[in-house]
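S.K.: Could you have a look at this structure, given as structure tokens, before my questions?
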Amino acid sequence: DGVTEIEEWAEACLVERQLNDQLLAAEERREVNISRDAAFVGCVSNFSNFLDLSRKTLRNLEIGVPCVILSRSNTTQHCYRWFQLLASLLSERSVDPGMLTFVACSIEEQRRIMSSCNHHPLYLTGSRPVAEAIKGLMPATFSSTGGPNTMVVTDPSKEEVQQAIRWSTLIENSGQCTALRHVVMPAASSDTVE
């Protein structure tokens with residue numbers, strides 16, 4: 001659900017920032033070399049700002065890697081609004097505007113861009129077939145693909161459990177990566193399900 005997603009994002013941000021600090025320190029000691037080739041980030045439609053945009057984009061920007069945000073065929077306006085907000089915040093902090101780009105185009109045009117930038121990294125949350133197709137164009141693809149997202153319930157009578165199920169099945173674009181797909185409730189009656 002959205003509340004849990006935000007909590008996990010906030011907890012992960014602290015750890016990821018610390019890891020980035022260690023990475024930059026290692027680069028300063030000449031132990032690693034961070035490529036500053038632009039990183040491409042494919043938006044996911046639900047929770048875009050927490051999963052894909054914030055975690056993948058901000059982590060790259062922190063270490064000086066420019067980011068190219070790729071639009072989606074659906075819910076593009078949401079992703080673009082997030083991009084505009086981030087671009088505004090970067091401008092307030094005098095960050096080079098060339099560090100962040102939004103690309104709104106068809107899937108065919110995105111594939112053309114990917115083919116010509118095939119040595120760049122790409123971060124994606126999506127289906128396994130889409131990740132596989134993109135990895136064929138951009139070998140340095142890091143993908144989080146849809147899983148079963150199963151909840152096992154031992155006591156379906158608890159209101160907290162029922163609320164968690166309702167939130168998870170009714171999120172924006174239910175059926176995509178973060179939506180609840182299976183609820184296992186051995187003790188549930190048809191009345192409980194209703």
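Ligands are numbered from 1 in the order shown, chains are lettered A, B, ... in the order of the structure tokens, and residues start at 1 in each chain.
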Run DSSP on the backbone of this structure and report the residues of stretch 44-151 of chain A it assigns to alpha helix (DSSP H), as a VMD selection string.
M.R.: chain A and resid 59 to 62 76 to 92 107 to 116 128 to 137
S.K.: Please report, as CSV, each residue of stretch 14-93 of chain A lying at most 9 Å from stretch 102-111 of chain A, together with the nearest pair of atoms and the separation in Å rounded to one decimal; use only C-alpha atoms, and order rows by chain and ascending residue number.
M.R.:
```
residue,atom,partner,partner_atom,distance
A:Cys67,CA,A:Phe102,CA,8.5
A:Val68,CA,A:Phe102,CA,5.8
A:Ile69,CA,A:Phe102,CA,4.7
A:Leu70,CA,A:Val103,CA,5.1
A:Ser71,CA,A:Ala104,CA,4.9
A:Arg72,CA,A:Ala104,CA,7.7
A:Ser73,CA,A:Ser106,CA,7.3
A:Thr76,CA,A:Ala104,CA,8.0
A:Tyr80,CA,A:Phe102,CA,7.3
A:Phe83,CA,A:Phe102,CA,7.0
A:Gln84,CA,A:Phe102,CA,8.9
```
S.K.: Output N, CA, C and O atoms of each residue in that selection to a file, as a compact mmCIF listing (two decimals), in the first residue's frame.
M.R.:
```txt
# COMPACT_ATOMS: atom_id res chain seq x y z
N CYS A 67 20.62 12.34 -15.26
CA CYS A 67 19.52 11.39 -15.39
C CYS A 67 18.56 11.81 -16.50
O CYS A 67 18.24 12.99 -16.64
N VAL A 68 18.13 10.81 -17.26
CA VAL A 68 17.13 10.99 -18.31
C VAL A 68 15.91 10.20 -17.90
O VAL A 68 15.96 8.97 -17.79
N ILE A 69 14.81 10.91 -17.65
CA ILE A 69 13.56 10.27 -17.24
C ILE A 69 12.77 9.95 -18.49
O ILE A 69 12.47 10.85 -19.29
N LEU A 70 12.43 8.68 -18.68
CA LEU A 70 11.64 8.26 -19.84
C LEU A 70 10.16 8.23 -19.48
O LEU A 70 9.78 7.67 -18.44
N SER A 71 9.34 8.82 -20.32
CA SER A 71 7.90 8.85 -20.07
C SER A 71 7.29 7.46 -20.18
O SER A 71 7.93 6.53 -20.66
N ARG A 72 6.05 7.37 -19.72
CA ARG A 72 5.28 6.14 -19.89
C ARG A 72 4.16 6.41 -20.86
O ARG A 72 3.76 7.55 -21.07
N SER A 73 3.63 5.35 -21.41
CA SER A 73 2.50 5.52 -22.32
C SER A 73 1.22 5.89 -21.57
O SER A 73 0.32 6.46 -22.13
N THR A 76 1.72 9.59 -17.84
CA THR A 76 2.91 10.39 -18.09
C THR A 76 2.84 11.73 -17.38
O THR A 76 3.84 12.25 -16.91
N TYR A 80 5.79 13.63 -15.29
CA TYR A 80 6.30 14.92 -15.75
C TYR A 80 6.17 15.97 -14.66
O TYR A 80 7.07 16.80 -14.47
N PHE A 83 8.96 15.44 -12.36
CA PHE A 83 10.18 15.94 -13.00
C PHE A 83 10.27 17.46 -12.86
O PHE A 83 11.33 18.00 -12.52
N GLN A 84 9.17 18.15 -13.14
CA GLN A 84 9.18 19.62 -13.04
C GLN A 84 9.49 20.07 -11.61
O GLN A 84 10.25 21.03 -11.42
```
S.K.: Looking at A:Pro139, A:Pro186, A:Pro129, A:Pro121, which one is nearest to A:Asn60, with distances taken over only C-alpha atoms?
M.R.: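 Between A:Pro139, A:Pro186, A:Pro129, A:Pro121, the residue approaching A:Asn60 most closely is A:Pro121.
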S.K.: With only C-alpha atoms as the atoms that count, which of A:Cys117, A:Ala133, A:Ala12, A:Leu61 lies nearest to A:Arg36?
M.R.: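 Closest candidate: A:Leu61.
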S.K.: With distances taken over only C-alpha atoms, which residue among A:Ala10, A:Val153, A:Ile34, A:Val95 lies nearest A:Val65?
M.R.: A:Ile34
S.K.: So which bits of chain A end up strand (DSSP E) when you DSSP the backbone, as a list in words?
M.R.: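 DSSP on the backbone gives strand (DSSP E) at Ala39, Phe40, Val41, Gly42, Cys67, Val68, Ile69, Leu70, Leu100, Thr101, Phe102, Val103, Leu122, Tyr123, Leu124, Thr125, Gly126, Thr141, Phe142, Ser143, Ser144, Thr145, Thr150, Met151, Val152, His182, Val183 and Val184 of chain A.
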S.K.: Point out the residue among A:Thr192, A:Thr57, A:Gln162, A:Ser168 with the least atom-to-atom distance to A:Leu124, counting only C-alpha atoms.
M.R.: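 Under the stated criterion, the closest residue is A:Thr57.
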